[in-house]
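Text of the file run.csv, holding CSV, C-alpha atoms and all ligand atoms:
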```csv
chain,number,residue,atom,x,y,z
A,578,MET,CA,17.0,-7.5,5.4
A,579,GLU,CA,14.4,-10.1,4.7
A,580,MET,CA,15.5,-12.5,1.9
A,581,PHE,CA,13.2,-13.5,-1.0
A,582,ARG,CA,11.7,-16.9,-0.1
A,583,LEU,CA,9.7,-18.9,-2.5
A,584,PRO,CA,6.1,-19.7,-1.5
A,585,GLN,CA,5.7,-22.7,0.8
A,586,VAL,CA,3.0,-24.6,-1.1
A,587,VAL,CA,4.0,-24.7,-4.7
A,588,LYS,CA,2.1,-27.0,-7.0
A,589,VAL,CA,4.5,-28.4,-9.5
A,590,SER,CA,2.1,-28.1,-12.4
A,591,GLY,CA,2.3,-24.3,-12.0
A,592,LEU,CA,-1.5,-24.1,-11.8
A,593,TRP,CA,-1.5,-22.9,-8.2
A,594,SER,CA,1.4,-20.6,-8.3
A,595,LEU,CA,2.5,-17.7,-10.5
A,596,VAL,CA,5.6,-15.5,-10.6
A,597,THR,CA,5.8,-12.3,-12.7
A,598,ALA,CA,8.5,-9.7,-12.9
A,599,ARG,CA,8.4,-6.1,-14.1
A,600,ILE,CA,10.9,-3.3,-14.1
A,601,MET,CA,9.6,-0.2,-12.2
A,602,ARG,CA,9.5,2.8,-14.5
A,603,PRO,CA,9.1,6.6,-13.9
A,604,ASP,CA,5.4,6.4,-14.5
A,605,ASP,CA,5.1,4.0,-11.6
A,606,ALA,CA,6.5,6.7,-9.2
A,607,ASN,CA,4.8,8.8,-6.6
A,608,ILE,CA,5.9,12.4,-6.3
A,609,VAL,CA,8.8,11.4,-3.9
A,610,GLY,CA,10.2,9.2,-6.7
A,611,ASN,CA,9.5,5.8,-5.1
A,612,VAL,CA,7.1,3.3,-6.5
A,613,HIS,CA,3.5,4.4,-5.8
A,614,GLY,CA,1.7,2.3,-3.1
A,615,GLY,CA,-1.3,2.1,-5.5
A,616,THR,CA,0.9,0.6,-8.3
A,617,ILE,CA,2.0,-2.1,-5.9
A,618,LEU,CA,-1.6,-2.8,-4.9
A,619,LYS,CA,-2.6,-3.0,-8.6
A,620,MET,CA,0.2,-5.5,-9.4
A,621,ILE,CA,-0.8,-7.6,-6.4
A,622,GLU,CA,-4.4,-7.7,-7.5
A,623,GLU,CA,-3.5,-8.5,-11.1
A,624,ALA,CA,-1.4,-11.5,-10.0
A,625,GLY,CA,-4.2,-12.7,-7.7
A,626,CYS,CA,-6.8,-12.3,-10.5
A,627,ILE,CA,-4.7,-14.2,-13.0
A,628,ILE,CA,-4.0,-17.2,-10.7
A,629,GLY,CA,-7.6,-17.2,-9.3
A,630,THR,CA,-9.2,-17.1,-12.8
A,631,ARG,CA,-6.8,-19.7,-14.1
A,632,HIS,CA,-7.5,-22.1,-11.2
A,633,CYS,CA,-11.3,-21.6,-11.4
A,634,ASN,CA,-11.3,-22.4,-15.1
A,635,SER,CA,-9.3,-25.6,-14.7
A,636,GLN,CA,-12.5,-27.6,-14.7
A,637,THR,CA,-15.1,-28.2,-17.4
A,638,GLY,CA,-18.2,-26.2,-17.3
A,639,ASP,CA,-19.0,-22.5,-17.3
A,640,ARG,CA,-16.0,-20.1,-17.9
A,641,CYS,CA,-15.5,-17.5,-15.2
A,642,VAL,CA,-13.5,-14.5,-14.0
A,643,ALA,CA,-12.2,-14.4,-10.5
A,644,ALA,CA,-13.6,-11.2,-8.9
A,645,LEU,CA,-11.8,-9.6,-5.9
A,646,ALA,CA,-14.0,-10.0,-2.9
A,647,ARG,CA,-11.6,-9.1,-0.1
A,648,VAL,CA,-8.0,-8.0,0.7
A,649,GLU,CA,-6.7,-8.7,4.2
A,650,ARG,CA,-4.7,-6.0,6.0
A,651,THR,CA,-1.5,-5.3,4.1
A,652,ASP,CA,1.7,-3.7,5.4
A,653,PHE,CA,4.2,-1.9,3.2
A,654,LEU,CA,7.5,-3.2,4.7
A,655,TYR,CA,10.1,-1.3,2.6
A,656,PRO,CA,9.9,1.3,-0.2
A,657,MET,CA,10.5,0.1,-3.7
A,658,PHE,CA,12.5,2.3,-6.1
A,659,ILE,CA,12.3,3.2,-9.8
A,660,GLY,CA,14.7,1.0,-11.7
A,661,GLU,CA,14.3,-1.9,-9.4
A,662,VAL,CA,12.5,-5.1,-10.6
A,663,ALA,CA,9.3,-6.1,-8.8
A,664,HIS,CA,8.9,-9.9,-8.5
A,665,VAL,CA,5.3,-10.7,-7.7
A,666,SER,CA,4.6,-14.3,-6.7
A,667,ALA,CA,1.1,-15.5,-6.2
A,668,GLU,CA,0.0,-18.8,-4.8
A,669,ILE,CA,-3.4,-20.4,-4.0
A,670,THR,CA,-3.4,-21.3,-0.3
A,671,TYR,CA,-7.0,-22.3,0.4
A,672,THR,CA,-10.2,-22.9,-1.4
A,673,SER,CA,-13.7,-22.9,0.1
A,674,LYS,CA,-16.7,-24.0,-1.9
A,675,ARG,CA,-17.1,-20.7,-3.7
A,676,SER,CA,-14.0,-18.7,-2.8
A,677,VAL,CA,-10.2,-18.8,-3.4
A,678,GLU,CA,-7.5,-17.5,-1.0
A,679,VAL,CA,-4.4,-16.2,-2.8
A,680,GLN,CA,-1.2,-15.2,-1.0
A,681,VAL,CA,0.9,-12.7,-2.9
A,682,ASN,CA,4.4,-11.7,-2.1
A,683,VAL,CA,6.3,-8.7,-3.7
A,684,VAL,CA,10.1,-8.7,-3.7
A,685,SER,CA,12.1,-5.8,-5.0
A,686,GLU,CA,15.4,-6.5,-6.7
A,687,ASN,CA,18.2,-4.1,-7.3
A,688,ILE,CA,19.5,-5.5,-10.6
A,689,LEU,CA,22.8,-3.6,-10.2
A,690,THR,CA,23.7,-5.0,-6.8
A,691,GLY,CA,21.5,-8.1,-6.8
A,692,SER,CA,20.1,-7.2,-3.4
A,693,LYS,CA,16.5,-8.3,-2.8
A,694,LYS,CA,13.9,-7.2,-0.2
A,695,MET,CA,10.4,-8.5,0.6
A,696,THR,CA,8.3,-5.3,0.3
A,697,ASN,CA,4.8,-6.6,0.6
A,698,LYS,CA,2.8,-9.7,1.6
A,699,ALA,CA,-0.9,-9.7,0.9
A,700,THR,CA,-3.8,-12.2,1.2
A,701,LEU,CA,-6.7,-11.8,-1.2
A,702,TRP,CA,-10.0,-13.6,-1.6
A,703,TYR,CA,-11.5,-14.1,-5.0
A,704,VAL,CA,-15.0,-15.4,-6.0
A,705,PRO,CA,-15.5,-16.9,-9.5
A,706,ILE,CA,-18.3,-15.1,-11.5
A,707,SER,CA,-19.8,-16.9,-14.5
A,708,LEU,CA,-19.1,-15.3,-17.9
A,709,GLN,CA,-22.7,-16.3,-18.9
A,710,ASN,CA,-24.4,-14.7,-16.0
A,711,VAL,CA,-22.7,-12.2,-13.7
A,712,ASP,CA,-25.0,-13.0,-10.9
A,713,ARG,CA,-23.9,-16.6,-10.8
A,714,ILE,CA,-21.0,-17.7,-8.6
A,715,ILE,CA,-19.3,-20.9,-9.8
A,716,GLU,CA,-18.0,-23.7,-7.5
A,717,VAL,CA,-14.2,-23.6,-7.0
A,718,PRO,CA,-12.2,-26.8,-7.7
A,719,ALA,CA,-10.6,-27.8,-4.5
A,720,ILE,CA,-6.8,-27.8,-4.2
A,721,GLU,CA,-4.8,-30.6,-2.8
A,722,TYR,CA,-2.8,-29.8,0.4
A,723,SER,CA,0.6,-31.4,0.9
A,724,ARG,CA,-0.1,-31.4,4.7
A,725,PRO,CA,-3.4,-31.6,6.5
A,726,GLU,CA,-2.4,-28.7,8.8
A,727,GLN,CA,-2.3,-26.4,5.7
A,728,GLU,CA,-6.0,-27.1,5.1
A,729,GLU,CA,-6.9,-26.7,8.8
A,730,ARG,CA,-5.0,-23.3,9.0
A,731,GLY,CA,-6.7,-22.2,5.8
A,732,LYS,CA,-10.1,-23.1,7.1
A,733,LYS,CA,-9.4,-21.1,10.3
A,734,ARG,CA,-8.5,-18.0,8.2
A,735,TYR,CA,-11.6,-18.5,6.0
A,736,GLU,CA,-13.8,-18.7,9.1
A,737,ALA,CA,-12.2,-15.7,10.7
A,738,GLN,CA,-12.6,-13.4,7.7
A,739,LYS,CA,-16.2,-14.6,7.3
A,740,LEU,CA,-16.9,-13.6,10.9
A,741,GLU,CA,-15.1,-10.3,10.5
A,742,ARG,CA,-17.2,-9.5,7.4
A,743,ILE,CA,-20.4,-10.0,9.3
A,744,GLU,CA,-19.2,-7.8,12.2
A,745,THR,CA,-17.7,-5.0,10.1
A,746,LYS,CA,-20.4,-2.5,9.2
A,747,GLN,CA,-19.9,-0.4,6.1
A,748,ARG,CA,-20.2,3.3,6.8
A,749,ASN,CA,-23.0,3.5,4.2
A,750,GLY,CA,-24.8,6.6,5.2
A,751,GLU,CA,-21.8,8.8,5.7
A,752,ILE,CA,-20.8,11.3,3.1
A,753,ILE,CA,-18.0,13.9,2.9
A,754,THR,CA,-19.3,17.4,2.4
A,755,PRO,CA,-17.2,20.4,1.5
A,756,VAL,CA,-16.3,22.8,4.3
A,757,SER,CA,-16.0,26.5,3.6
A,758,LEU,CA,-12.8,28.2,4.8
A,759,PRO,CA,-11.5,25.2,6.8
A,760,GLU,CA,-8.7,25.8,9.4
A,761,PRO,CA,-5.4,24.0,8.9
A,762,PHE,CA,-5.1,20.6,10.6
A,763,THR,CA,-8.8,20.1,10.8
A,764,VAL,CA,-10.6,17.1,9.1
A,765,GLY,CA,-12.3,19.5,6.6
A,766,PHE,CA,-8.9,21.1,5.6
A,767,SER,CA,-7.4,17.9,4.1
A,768,GLN,CA,-10.5,16.0,3.0
A,769,SER,CA,-10.3,15.3,-0.7
A,770,SER,CA,-12.2,13.6,-3.6
A,771,LEU,CA,-11.6,12.6,-7.1
A,772,ILE,CA,-14.1,11.6,-9.8
A,773,HIS,CA,-13.3,9.0,-12.4
A,774,LEU,CA,-15.3,7.5,-15.3
A,775,ILE,CA,-15.0,3.7,-15.4
A,776,GLY,CA,-13.8,3.0,-18.9
A,777,PRO,CA,-13.0,-0.3,-20.7
A,778,SER,CA,-9.3,-0.3,-19.7
A,779,ASP,CA,-10.4,-0.3,-16.0
A,780,CYS,CA,-12.5,-3.4,-16.4
A,781,THR,CA,-12.4,-7.2,-16.4
A,782,LEU,CA,-13.8,-9.4,-19.3
A,783,LEU,CA,-17.2,-9.0,-17.6
A,784,GLY,CA,-17.2,-5.2,-17.9
A,785,PHE,CA,-16.7,-4.6,-14.1
A,786,VAL,CA,-13.9,-2.7,-12.7
A,787,HIS,CA,-10.7,-4.5,-11.5
A,788,GLY,CA,-10.2,-4.4,-7.7
A,789,GLY,CA,-6.6,-3.2,-8.3
A,790,VAL,CA,-7.8,-0.1,-10.3
A,791,THR,CA,-10.1,0.8,-7.4
A,792,MET,CA,-7.4,0.3,-4.8
A,793,LYS,CA,-5.0,2.5,-6.8
A,794,LEU,CA,-7.5,5.3,-6.9
A,795,MET,CA,-8.2,4.9,-3.2
A,796,ASP,CA,-4.5,5.1,-2.4
A,797,GLU,CA,-4.2,8.2,-4.5
A,798,VAL,CA,-6.9,10.0,-2.6
A,799,ALA,CA,-5.6,8.9,0.8
A,800,GLY,CA,-2.1,10.2,-0.2
A,801,ILE,CA,-3.6,13.6,-1.2
A,802,VAL,CA,-5.3,13.8,2.2
A,803,ALA,CA,-2.1,12.9,4.1
A,804,ALA,CA,0.0,15.4,2.1
A,805,ARG,CA,-2.5,18.2,2.5
A,806,HIS,CA,-2.5,17.6,6.3
A,807,CYS,CA,1.3,17.6,6.9
A,808,LYS,CA,2.7,19.3,3.7
A,809,THR,CA,5.6,16.8,3.5
A,810,ASN,CA,6.4,13.7,1.5
A,811,ILE,CA,4.3,10.8,2.6
A,812,VAL,CA,4.2,7.1,2.0
A,813,THR,CA,1.6,4.4,2.5
A,814,ALA,CA,2.4,2.3,5.6
A,815,SER,CA,-0.6,-0.1,5.5
A,816,VAL,CA,-4.1,-0.8,4.3
A,817,ASP,CA,-6.7,-2.3,6.6
A,818,ALA,CA,-8.9,-5.2,5.4
A,819,ILE,CA,-11.1,-4.2,2.4
A,820,ASN,CA,-14.3,-5.9,1.4
A,821,PHE,CA,-15.6,-5.4,-2.2
A,822,HIS,CA,-19.3,-5.8,-1.6
A,823,ARG,CA,-20.6,-4.4,-4.9
A,824,LYS,CA,-19.5,-4.6,-8.5
A,825,ILE,CA,-18.8,-1.3,-10.4
A,826,LYS,CA,-19.8,-1.5,-14.0
A,827,LYS,CA,-18.2,0.1,-17.0
A,828,GLY,CA,-19.8,3.5,-17.6
A,829,CYS,CA,-20.2,4.2,-13.9
A,830,VAL,CA,-18.8,7.5,-12.5
A,831,ILE,CA,-17.1,6.8,-9.2
A,832,THR,CA,-16.4,9.4,-6.5
A,833,VAL,CA,-13.4,8.4,-4.3
A,834,SER,CA,-13.4,10.5,-1.1
A,835,GLY,CA,-11.0,10.5,1.8
A,836,ARG,CA,-10.9,12.2,5.2
A,837,MET,CA,-8.4,11.9,8.1
A,838,THR,CA,-9.8,10.1,11.1
A,839,PHE,CA,-6.8,9.7,13.4
A,840,THR,CA,-3.3,10.9,14.0
A,841,SER,CA,-0.7,9.3,16.3
A,842,ASN,CA,2.7,10.8,16.9
A,843,LYS,CA,4.1,9.7,13.5
A,844,SER,CA,1.2,8.2,11.6
A,845,MET,CA,-2.1,9.3,10.0
A,846,GLU,CA,-5.2,7.2,9.4
A,847,ILE,CA,-7.4,8.1,6.4
A,848,GLU,CA,-10.8,6.7,5.7
A,849,VAL,CA,-11.7,6.3,2.0
A,850,PHE,CA,-15.1,5.8,0.5
A,851,VAL,CA,-15.9,4.7,-3.1
A,852,ASP,CA,-19.4,5.7,-4.3
A,853,ALA,CA,-20.5,4.5,-7.7
A,854,ASP,CA,-23.1,6.2,-9.9
A,855,PRO,CA,-24.4,4.2,-12.9
A,856,LEU,CA,-25.3,7.3,-14.9
A,857,VAL,CA,-27.5,5.8,-17.4
A,858,GLU,CA,-29.3,3.2,-15.3
A,859,THR,CA,-31.6,5.4,-13.3
A,860,GLU,CA,-33.3,2.6,-11.5
A,861,ASN,CA,-30.1,1.5,-9.6
A,862,GLY,CA,-29.0,4.9,-8.3
A,863,LYS,CA,-25.9,5.8,-6.5
A,864,TYR,CA,-24.4,3.3,-4.1
A,865,ARG,CA,-21.4,2.8,-1.8
A,866,ALA,CA,-19.1,0.1,-3.3
A,867,VAL,CA,-16.1,0.1,-1.0
A,868,THR,CA,-14.7,1.7,2.2
A,869,ALA,CA,-11.2,1.3,3.7
A,870,PHE,CA,-8.7,2.7,6.1
A,871,PHE,CA,-5.2,3.6,4.9
A,872,THR,CA,-2.3,4.5,7.2
A,873,TYR,CA,0.3,7.0,6.0
A,874,ILE,CA,3.7,8.2,7.4
A,875,SER,CA,5.3,11.6,6.8
A,876,LEU,CA,8.9,11.5,5.7
A,877,ASP,CA,11.8,14.0,5.9
A,878,LYS,CA,14.2,14.5,3.0
A,879,ASP,CA,16.2,11.5,4.1
A,880,ASN,CA,13.1,9.3,4.2
A,881,LYS,CA,13.0,9.2,8.0
A,882,PRO,CA,9.5,9.3,9.7
A,883,LEU,CA,8.6,12.7,11.0
A,884,PRO,CA,6.1,13.7,13.7
A,885,VAL,CA,2.8,14.7,12.2
A,886,PRO,CA,0.7,17.7,13.2
A,887,PRO,CA,-2.1,16.5,15.5
A,888,LEU,CA,-5.6,16.4,14.0
A,889,LYS,CA,-7.8,19.2,15.2
A,890,LEU,CA,-11.2,17.8,16.1
A,891,GLU,CA,-14.2,20.0,15.8
A,892,ASN,CA,-17.3,17.9,16.7
A,893,GLU,CA,-18.5,14.8,18.5
A,894,GLU,CA,-18.6,12.7,15.3
A,895,GLU,CA,-14.9,13.5,14.6
A,896,ARG,CA,-14.0,12.7,18.2
A,897,LYS,CA,-15.8,9.3,17.8
A,898,HIS,CA,-13.9,8.5,14.6
A,899,PHE,CA,-10.7,9.5,16.3
A,900,GLU,CA,-11.3,7.2,19.2
A,901,ASP,CA,-12.2,4.3,16.8
A,902,GLY,CA,-9.0,5.0,14.8
A,903,LYS,CA,-6.9,5.0,18.0
A,904,ALA,CA,-8.3,1.6,18.9
A,905,ARG,CA,-7.4,0.2,15.5
A,906,TYR,CA,-3.9,1.9,15.8
A,907,LEU,CA,-3.2,0.3,19.2
A,908,GLN,CA,-4.5,-3.1,18.1
A,909,ASN,CA,-2.3,-3.1,15.0
A,910,LYS,CA,0.7,-1.9,16.9
A,911,ALA,CA,0.3,-4.7,19.5
A,912,LYS,CA,-0.1,-7.2,16.7
A,913,ARG,CA,3.1,-6.0,14.9
A,914,LEU,CA,5.0,-6.2,18.2
A,915,ALA,CA,3.7,-9.7,18.9
A,916,ASP,CA,4.7,-10.8,15.3
A,917,LYS,CA,8.2,-9.3,15.8
A,918,GLU,CA,8.7,-11.1,19.1
A,919,GLN,CA,7.5,-14.4,17.6
A,920,LYS,CA,10.1,-14.1,14.8
A,921,GLN,CA,13.0,-13.5,17.3
A,1001,LIG,N1,-14.6,-11.7,1.1
A,1001,LIG,C1,-14.3,-13.0,0.9
A,1001,LIG,N2,-15.2,-13.9,0.4
A,1001,LIG,C2,-16.4,-13.4,0.1
A,1001,LIG,C3,-16.8,-12.1,0.3
A,1001,LIG,C4,-15.8,-11.2,0.8
A,1001,LIG,N3,-16.1,-9.9,1.0
A,1001,LIG,N4,-18.1,-11.9,0.0
A,1001,LIG,C5,-18.5,-13.1,-0.4
A,1001,LIG,N5,-17.5,-14.0,-0.3
A,1001,LIG,C6,-17.6,-15.5,-0.6
A,1001,LIG,C7,-18.4,-16.3,0.4
A,1001,LIG,O1,-17.7,-16.7,1.5
A,1001,LIG,C8,-19.0,-17.4,-0.5
A,1001,LIG,O2,-18.0,-18.5,-0.6
A,1001,LIG,P1,-18.4,-19.9,0.3
A,1001,LIG,O3,-19.7,-20.3,-0.2
A,1001,LIG,O4,-17.3,-20.8,-0.1
A,1001,LIG,O5,-18.3,-19.5,1.7
A,1001,LIG,C9,-19.0,-16.8,-1.9
A,1001,LIG,O6,-18.3,-15.6,-1.9
A,1001,LIG,C10,-20.5,-16.4,-2.2
A,1001,LIG,O7,-21.0,-15.7,-1.1
A,1001,LIG,P2,-22.4,-15.0,-1.3
A,1001,LIG,O8,-22.8,-14.3,0.0
A,1001,LIG,O9,-23.4,-15.9,-1.9
A,1001,LIG,O10,-22.1,-13.9,-2.4
A,1001,LIG,P3,-22.5,-12.5,-2.6
A,1001,LIG,O11,-23.9,-12.4,-3.1
A,1001,LIG,O12,-22.2,-11.7,-1.4
A,1001,LIG,O13,-21.5,-12.0,-3.8
A,1001,LIG,C11,-19.4,-11.2,-4.6
A,1001,LIG,C12,-20.1,-12.1,-3.5
A,1001,LIG,C13,-17.9,-11.1,-4.3
A,1001,LIG,C14,-19.7,-11.8,-6.0
A,1001,LIG,C15,-20.1,-9.8,-4.5
A,1001,LIG,O14,-19.9,-9.3,-3.2
A,1001,LIG,C16,-19.5,-8.8,-5.5
A,1001,LIG,O15,-19.9,-8.8,-6.7
A,1001,LIG,N6,-18.5,-8.0,-5.1
A,1001,LIG,C17,-17.8,-7.1,-6.0
A,1001,LIG,C18,-16.7,-7.9,-6.8
A,1001,LIG,C19,-15.9,-6.9,-7.6
A,1001,LIG,O16,-16.4,-6.3,-8.5
A,1001,LIG,N7,-14.6,-6.7,-7.3
A,1001,LIG,C20,-13.8,-5.6,-7.7
A,1001,LIG,C21,-14.4,-4.4,-7.0
A,1001,LIG,S1,-13.6,-2.9,-7.4
```
Written as structure tokens, how would this file's structure read?
Amino acid sequence: MEMFRLPQVVKVSGLWSLVTARIMRPDDANIVGNVHGGTILKMIEEAGCIIGTRHCNSQTGDRCVAALARVERTDFLYPMFIGEVAHVSAEITYTSKRSVEVQVNVVSENILTGSKKMTNKATLWYVPISLQNVDRIIEVPAIEYSRPEQEERGKKRYEAQKLERIETKQRNGEIITPVSLPEPFTVGFSQSSLIHLIGPSDCTLLGFVHGGVTMKLMDEVAGIVAARHCKTNIVTASVDAINFHRKIKKGCVITVSGRMTFTSNKSMEIEVFVDADPLVETENGKYRAVTAFFTYISLDKDNKPLPVPPLKLENEEERKHFEDGKARYLQNKAKRLADKEQKQ
């Protein structure tokens, strides 16, 4: 069991770190009865947004809101249960000229036994947007590092994500079209979509949707795809890096669509697209706001991972997506093993 460790770089003033706690209630549950992966993503993003916004407003000048620009790959390490307390700690770990890196850790606490487990670690990048002009990005006040290596390591992470952003192409042109009478275990059989009207409660002070709201909806669709494929209880295992390229405004209708791209022996990869349609602003038209890959695991009634039915591929495009998914799966698996060995 991993113990709850406080963040390494805590600024005593409290400006650069934040800890919140909330009891997990039945409306936070997925259908298995554990806390929904999307709820955890939403809590992570809320903590990041608070600390990012607080930090970026710690100087005189334009007021701003920290907009979520990117989430690094996130693993769900342990399930969290209803009745447990989620402790979410967020800390600013790096600042570039116009972006802020926030490290968020989630620890579950069983308040009956006192046992604690680290369930998630996430790294998020925020960009401060001016309240006066949503197209203006404000300069971020630099943080002080207690050791020069912290700044150097942060700079390396910043440069690596910048490079990755340039290399990763959005699947802009691709759309998910309905398939008539799909066969079980094919891509068409489990593909799913939901439509949601972006209302005021989904939005920041600037009237744009919170990244956490989008991630929760994305996780919901990915979960439906996974459950339709294997007809068992499923859980989110990880989410690959997500870039939030475009804002989604209040009043937009979003379509969140998911399709299975890859199955290993015991995992499923689902690609999710978010398309926004600003209904009343005809000149803007529909656009792709976000894409991401979620990995799900199928569970038996004792919460043990089950083999998943192999995905039946029906055309060249699906075979290509499958091979790309396999490459991501092998790369992530190798990284997990390397991290494990490093810890031992
Ligand atoms: N991840 C991390 N940082 C990012 C980023 C991303 N995906 N996109 C931009 N940035 C950073 C840049 O590194 C730069 O900081 P730097 O100057 O210190 O290097 C800063 O943002 C501005 O970059 P620029 O290229 O000028 O900005 P942009 O025109 O691409 O706008 C956003 C950046 C984030 C404002 C824009 O992409 C956006 O509005 N995204 C949607 C935000 C949102 O609504 N989030 C919730 C979505 S559901």
**Asked** What's the 10 Å shell around Asp604 in chain A, counting all atoms listed in the file, without same-chain residues fewer than 3 positions away, as a PyMOL selection string?
**Response** chain A and resi 601+607+610+612-613+616+659
Counting only C-alpha atoms and all ligand atoms, which residues of chain A sit at most 7 Å from some atom of ligand LIG 1001 (chain A), and what is each one's closest atom pair with its distance in Å to one decimal, listed by chain and rising residue number, as a tab-separated table?
```
residue	atom	partner	partner_atom	distance
A:Ala644	CA	A:LIG1001	N7	4.9
A:Leu645	CA	A:LIG1001	N7	4.3
A:Ala646	CA	A:LIG1001	C4	4.3
A:Arg647	CA	A:LIG1001	N1	4.1
A:Ser673	CA	A:LIG1001	O4	4.2
A:Lys674	CA	A:LIG1001	O4	3.7
A:Arg675	CA	A:LIG1001	O4	3.6
A:Ser676	CA	A:LIG1001	O2	4.6
A:Trp702	CA	A:LIG1001	C1	5.0
A:Tyr703	CA	A:LIG1001	N2	6.5
A:Val704	CA	A:LIG1001	O6	5.3
A:Ile706	CA	A:LIG1001	C14	6.6
A:Ile714	CA	A:LIG1001	C10	6.5
A:Lys739	CA	A:LIG1001	O1	6.3
A:Arg742	CA	A:LIG1001	N3	6.5
A:Phe785	CA	A:LIG1001	O16	5.9
A:Val786	CA	A:LIG1001	S1	5.3
A:His787	CA	A:LIG1001	C20	5.0
A:Gly788	CA	A:LIG1001	S1	3.7
A:Thr791	CA	A:LIG1001	S1	5.1
A:Asn820	CA	A:LIG1001	N3	4.4
A:Phe821	CA	A:LIG1001	C17	4.7
A:His822	CA	A:LIG1001	O14	3.9
A:Arg823	CA	A:LIG1001	C17	4.0
A:Lys824	CA	A:LIG1001	O16	3.5
A:Ile825	CA	A:LIG1001	O16	5.9
```
For range 719-792 of chain A against range 796-805 of chain A, with a cut-off of 6 Å and counting only C-alpha atoms, what is the closest atom pair and its distance in Å to one decimal for every residue that makes the cut, ordered by chain and number, as a tab-separated table?
```
residue	atom	partner	partner_atom	distance
A:Ser767	CA	A:Val802	CA	5.0
A:Gln768	CA	A:Val802	CA	5.7
A:Ser769	CA	A:Val802	CA	6.0
```
Mind dumping the selected residues with C-alpha atoms as an mmCIF file, in the coordinates of the input?
```cif
data_model
loop_
_atom_site.group_PDB
_atom_site.id
_atom_site.type_symbol
_atom_site.label_atom_id
_atom_site.label_comp_id
_atom_site.auth_asym_id
_atom_site.auth_seq_id
_atom_site.Cartn_x
_atom_site.Cartn_y
_atom_site.Cartn_z
ATOM 1 C CA SER A 767 -7.400 17.900 4.100
ATOM 2 C CA GLN A 768 -10.500 16.000 3.000
ATOM 3 C CA SER A 769 -10.300 15.300 -0.700
#
```
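The space between CA of Tyr873 in chain A and CA of Met695 in chain A spans 19.3 Å.
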Compile a residue-level contact table for range 713-813 of chain A against range 887-891 of chain A at a cut-off of 8 Å, reporting for every qualifying residue the shortest atom pair and its distance in Å to one decimal, with all atoms listed in the file counted, rows ordered by chain and ascending number, as CSV.
```
residue,atom,partner,partner_atom,distance
A:Phe762,CA,A:Leu888,CA,5.4
A:Thr763,CA,A:Lys889,CA,4.6
A:Val764,CA,A:Lys889,CA,7.0
```
**Prompt:** So which residues are close to (9.9, -7.1, -12.6), meaning at most 9 Å away in the file's coordinates with only C-alpha atoms counted, and can you show them as a ChimeraX atom specification?
**Reply:** /A:597-601,661-665,685-686
**Prompt:** Which distance in Å separates CA of Thr672 in chain A and CA of Ala624 in chain A, to one decimal?
**Reply:**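 It comes out at 16.8 Å.
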**Request:** Quote the spacing between CA of Ser875 in chain A and CA of Lys843 in chain A in Å to one decimal place.
**Result:**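 Value for the CA of Ser875 in chain A-CA of Lys843 in chain A distance: 7.1 Å.
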**Prompt:** Out of A:Ser834, A:Lys733, A:Phe653, A:Gly902, which residue has the shortest atom-to-atom distance to Lys694 in chain A when counting all atoms listed in the file?
**Reply:**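 When distances to Lys694 in chain A are compared using all atoms listed in the file, the smallest one comes from A:Phe653.
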Tell me which protein, DNA and RNA residues are within 12 Å of Ile753 in chain A, counting all atoms listed in the file, leaving out same-chain ones fewer than 3 positions away, and put them as an mmCIF file with C-alpha atoms, in the frame of the given file.
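Everything below was put into selection.cif:
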```cif
data_model
loop_
_atom_site.group_PDB
_atom_site.id
_atom_site.type_symbol
_atom_site.label_atom_id
_atom_site.label_comp_id
_atom_site.auth_asym_id
_atom_site.auth_seq_id
_atom_site.Cartn_x
_atom_site.Cartn_y
_atom_site.Cartn_z
ATOM 1 C CA ARG A 748 -20.200 3.300 6.800
ATOM 2 C CA ASN A 749 -23.000 3.500 4.200
ATOM 3 C CA GLY A 750 -24.800 6.600 5.200
ATOM 4 C CA VAL A 756 -16.300 22.800 4.300
ATOM 5 C CA VAL A 764 -10.600 17.100 9.100
ATOM 6 C CA GLY A 765 -12.300 19.500 6.600
ATOM 7 C CA PHE A 766 -8.900 21.100 5.600
ATOM 8 C CA SER A 767 -7.400 17.900 4.100
ATOM 9 C CA GLN A 768 -10.500 16.000 3.000
ATOM 10 C CA SER A 769 -10.300 15.300 -0.700
ATOM 11 C CA SER A 770 -12.200 13.600 -3.600
ATOM 12 C CA LEU A 771 -11.600 12.600 -7.100
ATOM 13 C CA THR A 832 -16.400 9.400 -6.500
ATOM 14 C CA VAL A 833 -13.400 8.400 -4.300
ATOM 15 C CA SER A 834 -13.400 10.500 -1.100
ATOM 16 C CA GLY A 835 -11.000 10.500 1.800
ATOM 17 C CA ARG A 836 -10.900 12.200 5.200
ATOM 18 C CA MET A 837 -8.400 11.900 8.100
ATOM 19 C CA GLU A 848 -10.800 6.700 5.700
ATOM 20 C CA VAL A 849 -11.700 6.300 2.000
ATOM 21 C CA PHE A 850 -15.100 5.800 0.500
ATOM 22 C CA VAL A 851 -15.900 4.700 -3.100
ATOM 23 C CA ASP A 852 -19.400 5.700 -4.300
#
```
**Request:** Choose the residue, out of A:Glu741, A:Asp901, A:Glu846, A:Asp712, that has the smallest atom-to-atom separation from Leu783 in chain A; count only C-alpha atoms.
**Result:**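 Residue with the minimum atom-to-atom distance to Leu783 in chain A: A:Asp712.
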